[in-house]
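Dropping my_file04.pdb in here (PDB, C-alpha atoms):
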```
ATOM      1  CA  MET A1059     218.539-141.129-105.655
ATOM      2  CA  ALA A1060     220.201-137.998-104.437
ATOM      3  CA  THR A1061     217.957-137.948-101.389
ATOM      4  CA  PHE A1062     218.918-141.477-100.550
ATOM      5  CA  LYS A1063     222.603-140.698-100.762
ATOM      6  CA  ARG A1064     222.322-137.693 -98.478
ATOM      7  CA  PHE A1065     220.296-139.703 -96.010
ATOM      8  CA  SER A1066     222.967-142.375 -95.826
ATOM      9  CA  VAL A1067     225.716-139.826 -95.226
ATOM     10  CA  ARG A1068     223.922-137.830 -92.553
ATOM     11  CA  ARG A1069     221.956-140.588 -90.955
ATOM     12  CA  ARG A1070     220.474-140.021 -87.538
ATOM     13  CA  ARG A1071     222.077-142.006 -84.827
ATOM     14  CA  VAL A1072     221.457-142.473 -81.159
ATOM     15  CA  CYS A1073     222.778-139.759 -78.899
ATOM     16  CA  LYS A1074     226.498-140.321 -78.339
ATOM     17  CA  PHE A1075     226.266-139.343 -74.687
ATOM     18  CA  CYS A1076     223.307-141.623 -73.967
ATOM     19  CA  ALA A1077     225.036-144.517 -75.722
ATOM     20  CA  GLU A1078     228.242-144.027 -73.752
ATOM     21  CA  LYS A1079     226.304-143.406 -70.522
ATOM     22  CA  ILE A1080     227.901-140.023 -69.889
ATOM     23  CA  THR A1081     225.944-138.270 -67.158
ATOM     24  CA  TYR A1082     228.011-135.113 -66.933
ATOM     25  CA  ILE A1083     229.623-133.394 -69.890
ATOM     26  CA  ASP A1084     232.939-131.980 -68.727
ATOM     27  CA  TYR A1085     233.902-128.599 -70.181
ATOM     28  CA  LYS A1086     237.588-129.439 -69.633
ATOM     29  CA  ASP A1087     237.470-132.365 -72.065
ATOM     30  CA  GLY A1088     238.465-130.489 -75.212
ATOM     31  CA  LYS A1089     238.886-133.678 -77.194
ATOM     32  CA  LEU A1090     235.314-134.820 -76.625
ATOM     33  CA  LEU A1091     233.832-131.374 -77.231
ATOM     34  CA  GLY A1092     235.958-130.887 -80.343
ATOM     35  CA  TYR A1093     233.981-133.680 -81.938
ATOM     36  CA  PHE A1094     230.960-131.335 -82.025
ATOM     37  CA  ILE A1095     232.903-128.394 -83.431
ATOM     38  CA  PRO A1096     233.687-128.467 -87.134
ATOM     39  CA  GLU A1097     236.460-126.393 -88.769
ATOM     40  CA  ARG A1098     234.495-123.193 -88.598
ATOM     41  CA  GLY A1099     234.097-123.444 -84.820
ATOM     42  CA  LYS A1100     230.298-123.575 -84.703
ATOM     43  CA  ILE A1101     228.354-126.064 -82.588
ATOM     44  CA  ILE A1102     226.867-128.875 -84.693
ATOM     45  CA  PRO A1103     223.053-128.806 -84.581
ATOM     46  CA  ARG A1104     221.180-131.659 -82.996
ATOM     47  CA  ARG A1105     219.474-132.633 -86.226
ATOM     48  CA  ILE A1106     222.839-133.554 -87.707
ATOM     49  CA  SER A1107     224.716-134.966 -84.722
ATOM     50  CA  GLY A1108     221.706-136.837 -83.325
ATOM     51  CA  VAL A1109     222.404-135.749 -79.736
ATOM     52  CA  CYS A1110     219.315-135.788 -77.484
ATOM     53  CA  SER A1111     217.918-132.493 -76.211
ATOM     54  CA  THR A1112     219.097-132.947 -72.608
ATOM     55  CA  HIS A1113     222.616-133.650 -73.688
ATOM     56  CA  GLN A1114     222.645-130.962 -76.370
ATOM     57  CA  ARG A1115     221.833-128.374 -73.697
ATOM     58  CA  GLN A1116     224.617-129.649 -71.449
ATOM     59  CA  LEU A1117     226.942-129.838 -74.415
ATOM     60  CA  SER A1118     226.359-126.243 -75.484
ATOM     61  CA  THR A1119     227.003-124.990 -71.932
ATOM     62  CA  ALA A1120     230.184-127.065 -71.763
ATOM     63  CA  ILE A1121     231.396-125.754 -75.131
ATOM     64  CA  LYS A1122     230.747-122.155 -74.093
ATOM     65  CA  ARG A1123     232.695-122.635 -70.868
ATOM     66  CA  ALA A1124     235.545-124.244 -72.765
ATOM     67  CA  ARG A1125     235.612-121.316 -75.200
ATOM     68  CA  HIS A1126     235.954-118.845 -72.367
ATOM     69  CA  LEU A1127     238.996-120.732 -71.084
ATOM     70  CA  ALA A1128     240.539-120.867 -74.573
ATOM     71  CA  ILE A1129     240.292-124.670 -74.637
ATOM     72  CA  LEU A1130     238.132-124.366 -77.762
ATOM     73  CA  PRO A1131     238.083-121.570 -80.349
ATOM     74  CA  PHE A1132     235.214-119.130 -80.878
ATOM     75  CA  VAL A1133     235.995-118.979 -84.570
ATOM     76  CA  SER A1134     238.674-120.693 -86.557
ATOM     77  CA  ASP A1135     239.479-120.779 -90.213
TER      78      ASP A1135
ATOM     79  CA  MET B 173     226.590-122.890 -46.995
ATOM     80  CA  VAL B 174     229.321-125.254 -48.086
ATOM     81  CA  ARG B 175     229.213-126.270 -51.692
ATOM     82  CA  THR B 176     231.534-127.961 -54.143
ATOM     83  CA  TYR B 177     233.123-125.669 -56.669
ATOM     84  CA  GLU B 178     235.576-126.079 -59.447
ATOM     85  CA  VAL B 179     237.781-123.063 -60.062
ATOM     86  CA  VAL B 180     239.946-122.974 -63.173
ATOM     87  CA  PHE B 181     242.437-120.240 -63.937
ATOM     88  CA  VAL B 182     244.877-119.591 -66.724
ATOM     89  CA  ALA B 183     248.175-117.858 -65.953
ATOM     90  CA  VAL B 184     250.551-116.178 -68.403
ATOM     91  CA  PRO B 185     253.281-118.445 -69.850
ATOM     92  CA  THR B 186     256.052-116.030 -68.816
ATOM     93  CA  LEU B 187     255.589-117.018 -65.174
ATOM     94  CA  THR B 188     258.222-119.317 -63.669
ATOM     95  CA  ASN B 189     257.208-122.566 -62.009
ATOM     96  CA  GLU B 190     258.133-121.170 -58.590
ATOM     97  CA  GLU B 191     255.966-118.086 -59.084
ATOM     98  CA  LEU B 192     253.051-120.250 -60.146
ATOM     99  CA  ASP B 193     253.488-122.585 -57.177
ATOM    100  CA  ALA B 194     253.658-119.594 -54.869
ATOM    101  CA  PHE B 195     250.439-118.204 -56.324
ATOM    102  CA  VAL B 196     248.639-121.534 -55.993
ATOM    103  CA  ALA B 197     249.845-121.828 -52.383
ATOM    104  CA  GLN B 198     248.601-118.292 -51.730
ATOM    105  CA  MET B 199     245.148-119.150 -53.113
ATOM    106  CA  GLN B 200     245.124-122.309 -51.027
ATOM    107  CA  GLY B 201     245.881-120.146 -48.003
ATOM    108  CA  VAL B 202     242.947-117.881 -48.871
ATOM    109  CA  VAL B 203     240.565-120.835 -49.001
ATOM    110  CA  GLU B 204     241.844-122.541 -45.867
ATOM    111  CA  GLY B 205     242.030-119.286 -43.938
ATOM    112  CA  ARG B 206     238.285-118.896 -44.436
ATOM    113  CA  ALA B 207     237.305-122.410 -43.320
ATOM    114  CA  GLY B 208     237.145-123.805 -46.847
ATOM    115  CA  LYS B 209     238.735-127.020 -48.019
ATOM    116  CA  VAL B 210     240.920-127.638 -51.052
ATOM    117  CA  VAL B 211     239.971-131.118 -52.197
ATOM    118  CA  ARG B 212     242.228-131.343 -55.196
ATOM    119  CA  ILE B 213     244.708-129.316 -57.212
ATOM    120  CA  ASP B 214     245.113-130.296 -60.829
ATOM    121  CA  SER B 215     247.783-128.717 -62.945
ATOM    122  CA  TRP B 216     247.783-129.168 -66.693
ATOM    123  CA  GLY B 217     251.036-127.297 -67.086
ATOM    124  CA  LYS B 218     251.656-125.120 -70.109
ATOM    125  CA  LYS B 219     249.034-125.644 -72.782
ATOM    126  CA  SER B 220     248.527-123.816 -76.053
ATOM    127  CA  LEU B 221     245.463-121.544 -76.157
ATOM    128  CA  ALA B 222     242.774-121.946 -78.798
ATOM    129  CA  TYR B 223     243.048-118.223 -79.580
ATOM    130  CA  ARG B 224     245.342-115.376 -78.598
ATOM    131  CA  ILE B 225     244.680-113.612 -75.311
ATOM    132  CA  ASP B 226     246.626-110.369 -74.767
ATOM    133  CA  LYS B 227     249.240-111.528 -77.307
ATOM    134  CA  HIS B 228     249.772-114.804 -75.423
ATOM    135  CA  ARG B 229     249.574-118.085 -77.275
ATOM    136  CA  GLU B 230     250.095-120.378 -74.299
ATOM    137  CA  GLY B 231     248.995-120.511 -70.689
ATOM    138  CA  TYR B 232     249.337-122.464 -67.476
ATOM    139  CA  TYR B 233     246.084-124.204 -66.545
ATOM    140  CA  VAL B 234     245.356-124.906 -62.885
ATOM    141  CA  ILE B 235     242.126-126.481 -61.652
ATOM    142  CA  LEU B 236     241.142-126.279 -57.989
ATOM    143  CA  THR B 237     238.351-128.407 -56.569
ATOM    144  CA  LEU B 238     237.028-126.759 -53.422
ATOM    145  CA  GLU B 239     234.510-127.240 -50.699
ATOM    146  CA  ALA B 240     233.720-123.682 -49.846
ATOM    147  CA  ASP B 241     230.987-121.074 -49.660
ATOM    148  CA  GLY B 242     230.201-118.218 -52.010
ATOM    149  CA  ALA B 243     232.217-115.632 -50.061
ATOM    150  CA  ILE B 244     235.419-117.586 -50.610
ATOM    151  CA  ILE B 245     234.746-117.830 -54.337
ATOM    152  CA  ALA B 246     234.094-114.088 -54.468
ATOM    153  CA  GLU B 247     237.407-113.418 -52.722
ATOM    154  CA  LEU B 248     239.293-115.756 -55.073
ATOM    155  CA  GLU B 249     237.756-114.079 -58.107
ATOM    156  CA  ARG B 250     238.649-110.655 -56.753
ATOM    157  CA  ARG B 251     242.254-111.780 -56.404
ATOM    158  CA  PHE B 252     242.270-113.219 -59.927
ATOM    159  CA  ARG B 253     241.047-109.882 -61.240
ATOM    160  CA  VAL B 254     243.738-107.817 -59.510
ATOM    161  CA  THR B 255     246.534-110.219 -60.456
ATOM    162  CA  ASP B 256     247.928-109.269 -63.851
ATOM    163  CA  SER B 257     249.418-112.687 -64.535
ATOM    164  CA  ILE B 258     245.963-114.326 -64.537
ATOM    165  CA  ILE B 259     244.437-114.052 -67.995
ATOM    166  CA  ARG B 260     241.314-116.179 -67.588
ATOM    167  CA  PHE B 261     239.362-117.777 -64.760
ATOM    168  CA  LEU B 262     236.115-119.664 -64.351
ATOM    169  CA  SER B 263     234.299-120.883 -61.240
ATOM    170  CA  VAL B 264     231.644-123.543 -61.621
ATOM    171  CA  ARG B 265     229.368-124.848 -58.908
ATOM    172  CA  MET B 266     229.546-128.619 -59.127
ATOM    173  CA  ASP B 267     227.404-130.081 -56.327
ATOM    174  CA  GLU B 268     224.065-130.070 -58.173
ATOM    175  CA  ASP B 269     225.536-131.500 -61.355
ATOM    176  CA  LEU B 270     227.372-134.172 -59.378
ATOM    177  CA  LYS B 271     224.194-135.021 -57.483
ATOM    178  CA  ARG B 272     222.257-135.334 -60.724
ATOM    179  CA  SER B 273     224.994-137.466 -62.249
ATOM    180  CA  GLU B 274     225.066-139.768 -59.211
ATOM    181  CA  LYS B 275     221.290-140.073 -59.282
ATOM    182  CA  LEU B 276     221.296-141.131 -62.924
ATOM    183  CA  LYS B 277     224.065-143.633 -62.296
ATOM    184  CA  ALA B 278     222.221-145.095 -59.296
ATOM    185  CA  ALA B 279     219.007-145.391 -61.317
ATOM    186  CA  ARG B 280     220.895-147.205 -64.054
ATOM    187  CA  ARG B 281     222.471-149.586 -61.525
ATOM    188  CA  ARG B 282     219.057-150.333 -60.015
ATOM    189  CA  LYS B 283     217.624-151.030 -63.433
ATOM    190  CA  THR B 284     220.363-153.489 -64.403
ATOM    191  CA  ALA B 285     220.131-155.165 -60.973
ATOM    192  CA  ARG B 286     216.358-155.512 -61.340
ATOM    193  CA  SER B 287     216.515-156.999 -64.812
ATOM    194  CA  ALA B 288     219.211-159.434 -63.679
ATOM    195  CA  ALA B 289     217.107-160.424 -60.661
ATOM    196  CA  SER B 290     213.961-160.989 -62.710
ATOM    197  CA  LYS B 291     215.917-163.091 -65.173
ATOM    198  CA  ALA B 292     217.319-165.181 -62.318
ATOM    199  CA  ALA B 293     213.843-165.560 -60.823
ATOM    200  CA  ALA B 294     212.435-166.686 -64.162
ATOM    201  CA  ALA B 295     215.202-169.245 -64.516
ATOM    202  CA  ALA B 296     214.601-170.523 -60.963
ATOM    203  CA  GLY B 297     210.836-170.789 -61.636
ATOM    204  CA  GLU B 298     211.440-172.851 -64.737
ATOM    205  CA  ALA B 299     213.794-175.163 -62.853
ATOM    206  CA  GLN B 300     211.151-175.675 -60.136
ATOM    207  CA  GLU B 301     208.472-176.538 -62.666
ATOM    208  CA  ALA B 302     210.749-179.063 -64.261
ATOM    209  CA  THR B 303     211.548-181.004 -61.022
ATOM    210  CA  PRO B 304     208.223-182.718 -60.206
TER     211      PRO B 304
END
```

How does the structure come out when it is put into structure tokens?
Amino acid sequence: MATFKRFSVRRRRVCKFCAEKITYIDYKDGKLLGYFIPERGKIIPRRISGVCSTHQRQLSTAIKRARHLAILPFVSD
Amino acid sequence: MVRTYEVVFVAVPTLTNEELDAFVAQMQGVVEGRAGKVVRIDSWGKKSLAYRIDKHREGYYVILTLEADGAIIAELERRFRVTDSIIRFLSVRMDEDLKRSEKLKAARRRKTARSAASKAAAAAGEAQEATP
């Protein structure tokens, strides 16, 4: 029962970037990247967000660039 | 070797608009003086930083899109480093990413065109069979 509940909350979806046909993840788009950064400031793992491996790699590079430019935080709490 | 670059820099919020404009014009001069091309200048204006940098909580964001070679980028970065009012900068080479992005978009267009064409052909074939 508990397993079922957890599964329904964190269900695997199709990759957001593939679904929206985004071919380049822009590091300047703080709003989009912020979606993959919870309160703590860490990058959400693929197994939870459902992002495909190609896009996860691009996403992590974009997030790291954005952090350098203070568009996104390194840590926040 | 001319490549497309995107250069972003963050200036201190204490700068006046005139000083910032003068600095941007100076950087533009650097690029154009070395046979580079400034394709686009984007200014976000004053934006709050995600964390404090040298006690600053805000910064002016300016994004330059250039067609230039590596030497120009090196010179720009050197100038950013010696200028105290620049607190952050980042240069990204864009041409390969743009090429990849265009390629994927073209492939997608071809695919949709092909499926549309095959559907049309199937419909035409059915119509032909029905006529005699």

Can you work out the spacing between CA of Lys218 (chain B) and CA of Glu230 (chain B) in Å, to one decimal?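 So the two atoms, CA of Lys218 (chain B) and CA of Glu230 (chain B), lie 6.5 Å apart.
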
Using the chain letters and residue numbers of this document, give as number ranges by chain the residues selected by the ChimeraX specification (/B :<6) & /A. A: 1081, 1128-1131

Distance in Å - CA of Asp1087 (chain A) versus CA of Pro185 (chain B): 21.2 Å

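Of the residues under consideration (A:Cys1073, A:Ile1080, A:Leu1117, A:Ala1124), A:Leu1117 shows the shortest atom-to-atom contact distance to Phe1094 (chain A) when counting only C-alpha atoms.
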
Could you check which of B:Ala183, B:Met199, B:Asn189, B:Trp216 is closest to Arg250 (chain B), using only C-alpha atoms?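 The answer is B:Met199, which sits nearest to Arg250 (chain B).
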
Exactly which residues make up the result of the PyMOL selection byres ((chain B and resi 237) around 10) on this file, given as an MDAnalysis selection string? chainID B and resid 176:180 209:214 235:236 238:240 263:266

Now that the selection is made, can you save its residues with C-alpha atoms as a PDB file, keeping the file's coordinate frame?
```
ATOM      1  CA  THR B 176     231.534-127.961 -54.143  1.00  0.00           C
ATOM      2  CA  TYR B 177     233.123-125.669 -56.669  1.00  0.00           C
ATOM      3  CA  GLU B 178     235.576-126.079 -59.447  1.00  0.00           C
ATOM      4  CA  VAL B 179     237.781-123.063 -60.062  1.00  0.00           C
ATOM      5  CA  VAL B 180     239.946-122.974 -63.173  1.00  0.00           C
ATOM      6  CA  LYS B 209     238.735-127.020 -48.019  1.00  0.00           C
ATOM      7  CA  VAL B 210     240.920-127.638 -51.052  1.00  0.00           C
ATOM      8  CA  VAL B 211     239.971-131.118 -52.197  1.00  0.00           C
ATOM      9  CA  ARG B 212     242.228-131.343 -55.196  1.00  0.00           C
ATOM     10  CA  ILE B 213     244.708-129.316 -57.212  1.00  0.00           C
ATOM     11  CA  ASP B 214     245.113-130.296 -60.829  1.00  0.00           C
ATOM     12  CA  ILE B 235     242.126-126.481 -61.652  1.00  0.00           C
ATOM     13  CA  LEU B 236     241.142-126.279 -57.989  1.00  0.00           C
ATOM     14  CA  LEU B 238     237.028-126.759 -53.422  1.00  0.00           C
ATOM     15  CA  GLU B 239     234.510-127.240 -50.699  1.00  0.00           C
ATOM     16  CA  ALA B 240     233.720-123.682 -49.846  1.00  0.00           C
ATOM     17  CA  SER B 263     234.299-120.883 -61.240  1.00  0.00           C
ATOM     18  CA  VAL B 264     231.644-123.543 -61.621  1.00  0.00           C
ATOM     19  CA  ARG B 265     229.368-124.848 -58.908  1.00  0.00           C
ATOM     20  CA  MET B 266     229.546-128.619 -59.127  1.00  0.00           C
TER      21      MET B 266
END
```

Could you please determine the separation between CA of Ile1095 (chain A) and CA of Ser1111 (chain A) in Å, to one decimal place? 17.1 Å

Considering only C-alpha atoms, can you say which of B:Ala285, B:Ala279, B:Val203, B:Val196 comes closest to Ala246 (chain B)? B:Val203

Report the residues retrieved by the PyMOL selection byres ((chain A and resi 1097) around 12) from the displayed file, expressed as a ChimeraX atom specification. /A:1092-1096,1098-1102,1130-1135

Would you mind exporting C-alpha atoms of the selected residues as a compact mmCIF listing (two decimals), in the frame of the given file?
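Below you can see result24.txt, which holds the result:
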```txt
# COMPACT_ATOMS: atom_id res chain seq x y z
CA GLY A 1092 235.96 -130.89 -80.34
CA TYR A 1093 233.98 -133.68 -81.94
CA PHE A 1094 230.96 -131.34 -82.02
CA ILE A 1095 232.90 -128.39 -83.43
CA PRO A 1096 233.69 -128.47 -87.13
CA ARG A 1098 234.50 -123.19 -88.60
CA GLY A 1099 234.10 -123.44 -84.82
CA LYS A 1100 230.30 -123.58 -84.70
CA ILE A 1101 228.35 -126.06 -82.59
CA ILE A 1102 226.87 -128.88 -84.69
CA LEU A 1130 238.13 -124.37 -77.76
CA PRO A 1131 238.08 -121.57 -80.35
CA PHE A 1132 235.21 -119.13 -80.88
CA VAL A 1133 236.00 -118.98 -84.57
CA SER A 1134 238.67 -120.69 -86.56
CA ASP A 1135 239.48 -120.78 -90.21
```

Could you give me, as a PDB file with C-alpha atoms, in the frame of the given file, the residues within 10 Å of Ala1120 (chain A), counting only C-alpha atoms and dropping anything in the same chain fewer than 3 positions from it?
```pdb
ATOM      1  CA  TYR A1082     228.011-135.113 -66.933  1.00  0.00           C
ATOM      2  CA  ILE A1083     229.623-133.394 -69.890  1.00  0.00           C
ATOM      3  CA  ASP A1084     232.939-131.980 -68.727  1.00  0.00           C
ATOM      4  CA  TYR A1085     233.902-128.599 -70.181  1.00  0.00           C
ATOM      5  CA  LYS A1086     237.588-129.439 -69.633  1.00  0.00           C
ATOM      6  CA  ASP A1087     237.470-132.365 -72.065  1.00  0.00           C
ATOM      7  CA  GLY A1088     238.465-130.489 -75.212  1.00  0.00           C
ATOM      8  CA  LEU A1091     233.832-131.374 -77.231  1.00  0.00           C
ATOM      9  CA  GLN A1114     222.645-130.962 -76.370  1.00  0.00           C
ATOM     10  CA  ARG A1115     221.833-128.374 -73.697  1.00  0.00           C
ATOM     11  CA  GLN A1116     224.617-129.649 -71.449  1.00  0.00           C
ATOM     12  CA  LEU A1117     226.942-129.838 -74.415  1.00  0.00           C
ATOM     13  CA  ARG A1123     232.695-122.635 -70.868  1.00  0.00           C
ATOM     14  CA  ALA A1124     235.545-124.244 -72.765  1.00  0.00           C
ATOM     15  CA  ARG A1125     235.612-121.316 -75.200  1.00  0.00           C
TER      16      ARG A1125
END
```

Find the axis-aligned box for region 1115-1126 of chain A, covering all its listed atoms and adding 8 Å on each side, and write its centre and edge lengths in Å to one decimal as lines of an AutoDock Vina configuration file.
```
center_x = 228.9
center_y = -124.3
center_z = -73.2
size_x = 30.1
size_y = 27.0
size_z = 20.6
```

Closest to Thr188 (chain B) among B:Tyr232, B:Arg206, B:Arg281, B:Ser290, using all atoms listed in the file?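 Closest candidate: B:Tyr232.
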